[in-house]
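Notes follow once the structure below has been shown.
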Amino acid sequence: MLDPPIETVRIPFEGKDIIAYLRLPPGARPVPLVFGIAGLDSRKEDVAAHTDGYLNHGLALFAIDLPGTGESPHAVADVDSDRIFTAALDYLAQRPEVDAGRIVVQGRSWSGYWAAKLAITERERLRGSVVHGGPIHHYFRPDWLRASLATGEYLYDYLQAKCSMLGARDLEDMLARAQRFSLLDAGLLDRPSAPMLVVNGARDSQIPIADLYLLLEHGDAKEAWVNPQGGHMGRSPDWPSSVISEKVLMPWITRRLGLTRQLPA
């Protein structure tokens with residue numbers, strides 16, 4: 001019943017469907033788009049629930065589940081699960097309402113990993129990538145994963161969530177599977193990339209701030225925002241999620257997509 005409506009998209013993929021949401025702003029076509037990937041403890045529905053903020057800037061929003069969660073066609077995430085996102089980008093390139101030359105991918109928490117990888121593997125098709133609190137390399141080390149299970153920042157069953165996403169039987173199996181995901185070990189970080197904005201808090205107890213610094217030390221120059229007092233994704237009393245989105249993320253996204261002024265709500 002929303003106006004404009006949210007469209008449920010079904011994209012054939014390896015005998016299954018990629019199920020996603022697409023919401024387009026009113027006005028002229030084609031429109032720039034934010035490719036929003038949900039996190040470990042959120043779903044594409046949560047991403048789609050915040051579309052008004054994008055539409056107010058003249059942006060379309062495409063919301064998709066993280067591999068291994070929600071309705072992703074990959075019930076278990078693997079190191080090549082980014083081919084789901086490649087198929088989705090192929091689909092969006094065929095939509096006449098979407099300006100396929102103006103797309104920014106936005107990853108949140110765990111999905112920041114895929115946003116960083118796509119900035120490299122899909123750099124020709126992306127205007128930019130927001131890596132908001134995503135794991136890169138240090139996160140996947142057994143010592144960090146063990147310690148992070150004691151975090152007070154995660155609201156659900158952290159070990160169970162990680163095991164479920166990776167298809168692991170138990171902690172030891174999860175630790176073994178996770179190590180394969182390192183983008184450093186895969187040799188990707190020194191390759192050219194689309195412009196990146198990397199964001200997190202120095203006190204993040206879920207994903208180490210060292211992963212943000214690692215991104216800055218490799219490959220092309222990037223932009224970064226770090227909250228010295230911030231926890232996961234940079235959040236703190238002075239910088240709640242809504243303020244980070246308004247003052248850090250959206251200005252960067254609109255600049256990368258060539259939109260320099262906010263449209264009236």
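In the structure tokens, each chain is lettered A, B, ... as it comes, each chain's residues begin at 1, and ligands are numbered from 1 in order of appearance.
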With only C-alpha atoms counted and 6 Å as the cut-off, give the residues of region 134-226 of chain A in contact with region 72-88 of chain A, each with its shortest interatomic distance in Å and the pair that gives it, as CSV.
residue,atom,partner,partner_atom,distance
A:Met165,CA,A:Val76,CA,5.4
A:Leu166,CA,A:Val76,CA,5.3
A:Gly167,CA,A:Val76,CA,5.3
A:Phe181,CA,A:Val79,CA,5.7
Residues from last step as file, N, CA and C atoms, as a CSV table (one decimal), in the first residue's frame:
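As a result, part.csv now contains:
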chain,number,residue,atom,x,y,z
A,165,MET,N,24.8,-19.7,9.2
A,165,MET,CA,25.2,-19.0,7.9
A,165,MET,C,26.2,-19.8,7.1
A,166,LEU,N,27.2,-20.4,7.9
A,166,LEU,CA,28.2,-21.1,7.2
A,166,LEU,C,28.0,-22.6,7.1
A,167,GLY,N,26.8,-23.1,7.6
A,167,GLY,CA,26.5,-24.5,7.5
A,167,GLY,C,27.4,-25.4,8.4
A,181,PHE,N,37.4,-17.5,4.0
A,181,PHE,CA,36.8,-16.2,3.5
A,181,PHE,C,37.7,-15.0,3.5
Inset, instruction - Please identify which residues in region 11-258 of chain A DSSP calls strand (DSSP E or B) from the backbone, and express them as a VMD selection string. - result: chain A and resid 11 to 13 16 to 23 31 to 37 60 to 64 98 to 108 128 to 132 196 to 201 223 to 227 236 239
Take the residues just selected and output them with N, CA and C atoms as a compact mmCIF listing (two decimals), in the first residue's frame.
# COMPACT_ATOMS: atom_id res chain seq x y z
N ILE A 11 14.42 -13.38 -9.39
CA ILE A 11 15.42 -13.52 -10.44
C ILE A 11 15.84 -14.98 -10.53
N PRO A 12 15.58 -15.66 -11.64
CA PRO A 12 16.02 -17.06 -11.76
C PRO A 12 17.52 -17.18 -11.55
N PHE A 13 17.90 -18.19 -10.73
CA PHE A 13 19.32 -18.35 -10.41
C PHE A 13 19.60 -19.80 -10.07
N LYS A 16 16.91 -21.94 -8.78
CA LYS A 16 16.13 -21.34 -7.69
C LYS A 16 15.81 -19.90 -8.06
N ASP A 17 15.35 -19.12 -7.10
CA ASP A 17 15.08 -17.71 -7.33
C ASP A 17 15.83 -16.86 -6.32
N ILE A 18 16.40 -15.77 -6.80
CA ILE A 18 16.83 -14.70 -5.91
C ILE A 18 15.60 -13.84 -5.66
N ILE A 19 15.22 -13.72 -4.39
CA ILE A 19 14.05 -12.91 -4.04
C ILE A 19 14.56 -11.62 -3.40
N ALA A 20 14.13 -10.51 -3.95
CA ALA A 20 14.61 -9.22 -3.47
C ALA A 20 13.47 -8.21 -3.55
N TYR A 21 13.74 -7.02 -3.04
CA TYR A 21 12.77 -5.93 -3.10
C TYR A 21 13.38 -4.76 -3.85
N LEU A 22 12.55 -4.09 -4.64
CA LEU A 22 12.98 -2.92 -5.39
C LEU A 22 11.94 -1.82 -5.20
N ARG A 23 12.42 -0.64 -4.80
CA ARG A 23 11.53 0.50 -4.67
C ARG A 23 12.15 1.68 -5.40
N VAL A 31 16.87 5.99 -12.83
CA VAL A 31 17.29 6.55 -11.55
C VAL A 31 18.52 5.81 -11.02
N PRO A 32 19.38 6.51 -10.27
CA PRO A 32 20.49 5.83 -9.59
C PRO A 32 19.96 4.93 -8.48
N LEU A 33 20.78 3.96 -8.08
CA LEU A 33 20.28 2.93 -7.18
C LEU A 33 21.32 2.55 -6.13
N VAL A 34 20.84 2.27 -4.92
CA VAL A 34 21.66 1.69 -3.86
C VAL A 34 21.31 0.21 -3.74
N PHE A 35 22.33 -0.62 -3.84
CA PHE A 35 22.20 -2.07 -3.79
C PHE A 35 22.47 -2.47 -2.33
N GLY A 36 21.41 -2.65 -1.55
CA GLY A 36 21.55 -2.86 -0.12
C GLY A 36 21.50 -4.33 0.27
N ILE A 37 22.57 -4.81 0.93
CA ILE A 37 22.65 -6.20 1.36
C ILE A 37 22.41 -6.25 2.86
N ALA A 60 16.78 4.96 -5.93
CA ALA A 60 16.08 3.68 -5.80
C ALA A 60 16.85 2.81 -4.80
N LEU A 61 16.14 1.85 -4.20
CA LEU A 61 16.79 0.91 -3.29
C LEU A 61 16.44 -0.51 -3.68
N PHE A 62 17.48 -1.33 -3.80
CA PHE A 62 17.33 -2.76 -4.06
C PHE A 62 17.79 -3.47 -2.80
N ALA A 63 16.95 -4.30 -2.20
CA ALA A 63 17.26 -4.97 -0.93
C ALA A 63 17.34 -6.48 -1.14
N ILE A 64 18.43 -7.10 -0.66
CA ILE A 64 18.67 -8.51 -0.90
C ILE A 64 19.27 -9.14 0.36
N VAL A 98 16.20 1.75 -14.11
CA VAL A 98 17.40 1.85 -13.30
C VAL A 98 18.57 2.32 -14.16
N ASP A 99 19.32 3.30 -13.65
CA ASP A 99 20.53 3.75 -14.31
C ASP A 99 21.66 2.81 -13.89
N ALA A 100 21.94 1.82 -14.72
CA ALA A 100 22.92 0.79 -14.37
C ALA A 100 24.33 1.35 -14.26
N GLY A 101 24.55 2.55 -14.76
CA GLY A 101 25.85 3.18 -14.63
C GLY A 101 26.02 3.96 -13.35
N ARG A 102 24.98 3.99 -12.52
CA ARG A 102 25.05 4.72 -11.25
C ARG A 102 24.48 3.84 -10.13
N ILE A 103 25.28 2.89 -9.68
CA ILE A 103 24.90 1.98 -8.61
C ILE A 103 26.00 1.99 -7.54
N VAL A 104 25.58 2.11 -6.30
CA VAL A 104 26.46 1.96 -5.14
C VAL A 104 25.99 0.77 -4.33
N VAL A 105 26.90 -0.12 -3.95
CA VAL A 105 26.54 -1.24 -3.08
C VAL A 105 26.77 -0.83 -1.63
N GLN A 106 25.84 -1.22 -0.76
CA GLN A 106 25.94 -0.88 0.66
C GLN A 106 25.85 -2.15 1.49
N GLY A 107 26.94 -2.47 2.19
CA GLY A 107 26.97 -3.63 3.07
C GLY A 107 26.92 -3.20 4.52
N ARG A 108 26.18 -3.95 5.33
CA ARG A 108 25.99 -3.65 6.74
C ARG A 108 26.54 -4.81 7.57
N GLY A 128 30.52 2.98 -6.41
CA GLY A 128 31.11 2.99 -5.09
C GLY A 128 30.61 1.85 -4.25
N SER A 129 31.24 1.70 -3.08
CA SER A 129 30.88 0.63 -2.15
C SER A 129 31.02 1.13 -0.73
N VAL A 130 29.97 0.92 0.07
CA VAL A 130 29.99 1.29 1.49
C VAL A 130 30.25 0.02 2.29
N VAL A 131 31.40 -0.04 2.94
CA VAL A 131 31.78 -1.19 3.77
C VAL A 131 31.58 -0.75 5.21
N HIS A 132 30.39 -1.02 5.73
CA HIS A 132 29.98 -0.49 7.03
C HIS A 132 30.12 -1.58 8.10
N MET A 196 35.65 3.28 -2.27
CA MET A 196 35.07 2.69 -1.06
C MET A 196 34.99 3.72 0.06
N LEU A 197 33.92 3.62 0.82
CA LEU A 197 33.81 4.29 2.12
C LEU A 197 33.80 3.19 3.16
N VAL A 198 34.76 3.19 4.07
CA VAL A 198 34.82 2.18 5.12
C VAL A 198 34.53 2.85 6.46
N VAL A 199 33.62 2.25 7.22
CA VAL A 199 33.09 2.87 8.44
C VAL A 199 33.03 1.84 9.56
N ASN A 200 33.45 2.24 10.77
CA ASN A 200 33.27 1.37 11.93
C ASN A 200 33.65 2.13 13.20
N GLY A 201 33.49 1.45 14.32
CA GLY A 201 33.88 1.99 15.60
C GLY A 201 35.14 1.32 16.11
N GLU A 223 38.17 6.20 1.36
CA GLU A 223 37.73 7.14 2.38
C GLU A 223 37.26 6.35 3.60
N ALA A 224 37.47 6.92 4.79
CA ALA A 224 37.13 6.20 6.01
C ALA A 224 36.54 7.15 7.05
N TRP A 225 35.68 6.60 7.89
CA TRP A 225 35.15 7.29 9.06
C TRP A 225 35.18 6.32 10.22
N VAL A 226 35.91 6.69 11.29
CA VAL A 226 36.04 5.84 12.47
C VAL A 226 35.60 6.65 13.69
N ASN A 227 34.70 6.07 14.47
CA ASN A 227 34.30 6.68 15.74
C ASN A 227 35.18 6.09 16.84
N SER A 236 27.51 4.82 18.92
CA SER A 236 27.76 5.28 20.29
C SER A 236 26.60 6.20 20.66
N TRP A 239 26.62 9.00 18.42
CA TRP A 239 26.52 8.64 17.01
C TRP A 239 25.64 7.40 16.85
Inset, instruction - Mind giving me the straight-line distance from CA of Gln206 (chain A) to CA of Asp220 (chain A) in Å, one decimal? - result: 25.9 Å
Inset, instruction - Tell me, as a list in words, which residues lie within 12 Å of Leu159 (chain A), counting only C-alpha atoms; anything in the same chain fewer than 4 positions away does not count. - result: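 The residues satisfying every condition are Leu40, Asp41, Leu145, Arg146, Ala147, Ser148, Leu149, Ala150, Thr151, Tyr154, Leu155, Cys163, Ser164, Met165, Leu166, Gly167, Ala168, Arg169, Asp170, Leu171, Glu172, Asp173, Met174, Leu175 and Gln206 of chain A.
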Written file, previous selection with C-alpha atoms, as a PDB file, in the first residue's frame:
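Saved the output as selection.pdb:
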ATOM      1  CA  LEU A  40      23.691 -11.458   9.730  1.00  0.00           C
ATOM      2  CA  ASP A  41      20.959 -10.434  12.180  1.00  0.00           C
ATOM      3  CA  LEU A 145      36.109 -15.541  16.429  1.00  0.00           C
ATOM      4  CA  ARG A 146      36.403 -17.282  19.783  1.00  0.00           C
ATOM      5  CA  ALA A 147      36.794 -14.011  21.684  1.00  0.00           C
ATOM      6  CA  SER A 148      33.975 -12.286  19.812  1.00  0.00           C
ATOM      7  CA  LEU A 149      31.450 -14.854  21.025  1.00  0.00           C
ATOM      8  CA  ALA A 150      31.529 -13.009  24.364  1.00  0.00           C
ATOM      9  CA  THR A 151      30.352  -9.749  22.779  1.00  0.00           C
ATOM     10  CA  TYR A 154      24.909  -8.980  19.522  1.00  0.00           C
ATOM     11  CA  LEU A 155      21.278  -9.430  20.524  1.00  0.00           C
ATOM     12  CA  CYS A 163      27.184 -21.663  12.363  1.00  0.00           C
ATOM     13  CA  SER A 164      23.874 -21.473  10.526  1.00  0.00           C
ATOM     14  CA  MET A 165      25.156 -19.022   7.919  1.00  0.00           C
ATOM     15  CA  LEU A 166      28.248 -21.143   7.202  1.00  0.00           C
ATOM     16  CA  GLY A 167      26.533 -24.532   7.514  1.00  0.00           C
ATOM     17  CA  ALA A 168      28.802 -25.509  10.401  1.00  0.00           C
ATOM     18  CA  ARG A 169      28.050 -28.287  12.889  1.00  0.00           C
ATOM     19  CA  ASP A 170      29.715 -26.642  15.875  1.00  0.00           C
ATOM     20  CA  LEU A 171      32.314 -24.090  16.940  1.00  0.00           C
ATOM     21  CA  GLU A 172      35.348 -25.962  15.598  1.00  0.00           C
ATOM     22  CA  ASP A 173      33.684 -26.578  12.255  1.00  0.00           C
ATOM     23  CA  MET A 174      32.703 -22.907  12.036  1.00  0.00           C
ATOM     24  CA  LEU A 175      36.273 -21.789  12.789  1.00  0.00           C
ATOM     25  CA  GLN A 206      32.096  -8.156  16.846  1.00  0.00           C
TER      26      GLN A 206
END
Test item: residues at most 6 Å from Asp190 (chain A), only C-alpha atoms, excluding those fewer than 2 positions along its chain, as a tab-separated table (two decimals) with C-alpha atoms, in the first residue's frame:
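The file below, result_19.tsv, is the result:
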chain	number	residue	atom	x	y	z
A	188	LEU	CA	42.10	-9.57	-3.72
A	218	HIS	CA	45.96	-2.16	0.46
A	219	GLY	CA	44.84	-1.41	-3.06
Inset, instruction - Would you list the contacts of Trp144 (chain A) as a count of residues only, taking every protein, DNA or RNA residue within 12 Å and counting only C-alpha atoms, but skipping same-chain residues closer than 4 positions in sequence? - result: 20
Inset, instruction - Determine which residues of region 46-265 of chain A DSSP labels as alpha helix (DSSP H) from the backbone of this structure, then write them out as a VMD selection string. - result: chain A and resid 46 to 48 51 to 55 83 to 93 112 to 121 142 to 148 158 to 166 171 to 178 209 to 216 241 to 244 250 to 256
Output C-alpha atoms for every residue in the selection just made, as a CSV table (one decimal), in the first residue's frame.
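Everything below was put into selection_35.csv:
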chain,number,residue,atom,x,y,z
A,46,ASP,CA,14.7,-4.6,7.4
A,47,VAL,CA,16.6,-2.9,4.6
A,48,ALA,CA,13.4,-2.3,2.6
A,51,THR,CA,13.5,3.1,1.7
A,52,ASP,CA,12.0,6.5,2.4
A,53,GLY,CA,15.4,7.9,3.3
A,54,TYR,CA,16.7,6.9,-0.1
A,55,LEU,CA,13.7,8.0,-2.1
A,83,ARG,CA,27.7,-14.8,-7.8
A,84,ILE,CA,24.2,-14.2,-6.4
A,85,PHE,CA,25.0,-10.4,-6.4
A,86,THR,CA,26.5,-10.6,-9.9
A,87,ALA,CA,23.2,-12.2,-11.2
A,88,ALA,CA,21.2,-9.4,-9.4
A,89,LEU,CA,23.4,-6.7,-11.1
A,90,ASP,CA,22.8,-8.4,-14.4
A,91,TYR,CA,19.1,-8.2,-13.8
A,92,LEU,CA,19.2,-4.6,-12.8
A,93,ALA,CA,21.1,-3.7,-15.9
A,112,GLY,CA,30.2,-5.4,4.4
A,113,TYR,CA,32.4,-8.3,3.5
A,114,TRP,CA,30.5,-8.8,0.3
A,115,ALA,CA,30.4,-5.0,-0.4
A,116,ALA,CA,34.2,-5.0,-0.2
A,117,LYS,CA,34.6,-8.0,-2.4
A,118,LEU,CA,32.2,-6.6,-5.0
A,119,ALA,CA,34.1,-3.3,-5.0
A,120,ILE,CA,36.9,-5.3,-6.5
A,121,THR,CA,35.3,-8.0,-8.6
A,142,PRO,CA,40.1,-18.4,15.2
A,143,ASP,CA,41.4,-16.3,18.1
A,144,TRP,CA,39.2,-13.4,17.2
A,145,LEU,CA,36.1,-15.5,16.4
A,146,ARG,CA,36.4,-17.3,19.8
A,147,ALA,CA,36.8,-14.0,21.7
A,148,SER,CA,34.0,-12.3,19.8
A,158,TYR,CA,25.9,-15.4,18.1
A,159,LEU,CA,27.5,-18.8,17.7
A,160,GLN,CA,24.3,-20.3,16.4
A,161,ALA,CA,23.9,-17.5,13.8
A,162,LYS,CA,27.5,-17.9,12.6
A,163,CYS,CA,27.2,-21.7,12.4
A,164,SER,CA,23.9,-21.5,10.5
A,165,MET,CA,25.2,-19.0,7.9
A,166,LEU,CA,28.2,-21.1,7.2
A,171,LEU,CA,32.3,-24.1,16.9
A,172,GLU,CA,35.3,-26.0,15.6
A,173,ASP,CA,33.7,-26.6,12.3
A,174,MET,CA,32.7,-22.9,12.0
A,175,LEU,CA,36.3,-21.8,12.8
A,176,ALA,CA,37.6,-24.0,10.0
A,177,ARG,CA,35.1,-22.8,7.5
A,178,ALA,CA,35.5,-19.1,8.3
A,209,ILE,CA,38.8,-2.4,13.7
A,210,ALA,CA,42.0,-3.9,12.3
A,211,ASP,CA,40.0,-5.1,9.3
A,212,LEU,CA,39.1,-1.5,8.4
A,213,TYR,CA,42.8,-0.4,8.7
A,214,LEU,CA,43.8,-3.4,6.6
A,215,LEU,CA,41.5,-2.2,3.8
A,216,LEU,CA,43.1,1.3,3.9
A,241,SER,CA,22.7,4.5,13.6
A,242,SER,CA,20.4,7.2,12.3
A,243,VAL,CA,23.0,10.0,12.7
A,244,ILE,CA,25.7,7.9,11.0
A,250,MET,CA,24.1,9.3,2.7
A,251,PRO,CA,26.3,12.3,1.8
A,252,TRP,CA,29.0,10.0,0.5
A,253,ILE,CA,26.4,7.9,-1.4
A,254,THR,CA,24.7,10.9,-3.1
A,255,ARG,CA,28.1,12.4,-4.0
A,256,ARG,CA,29.2,9.2,-5.7
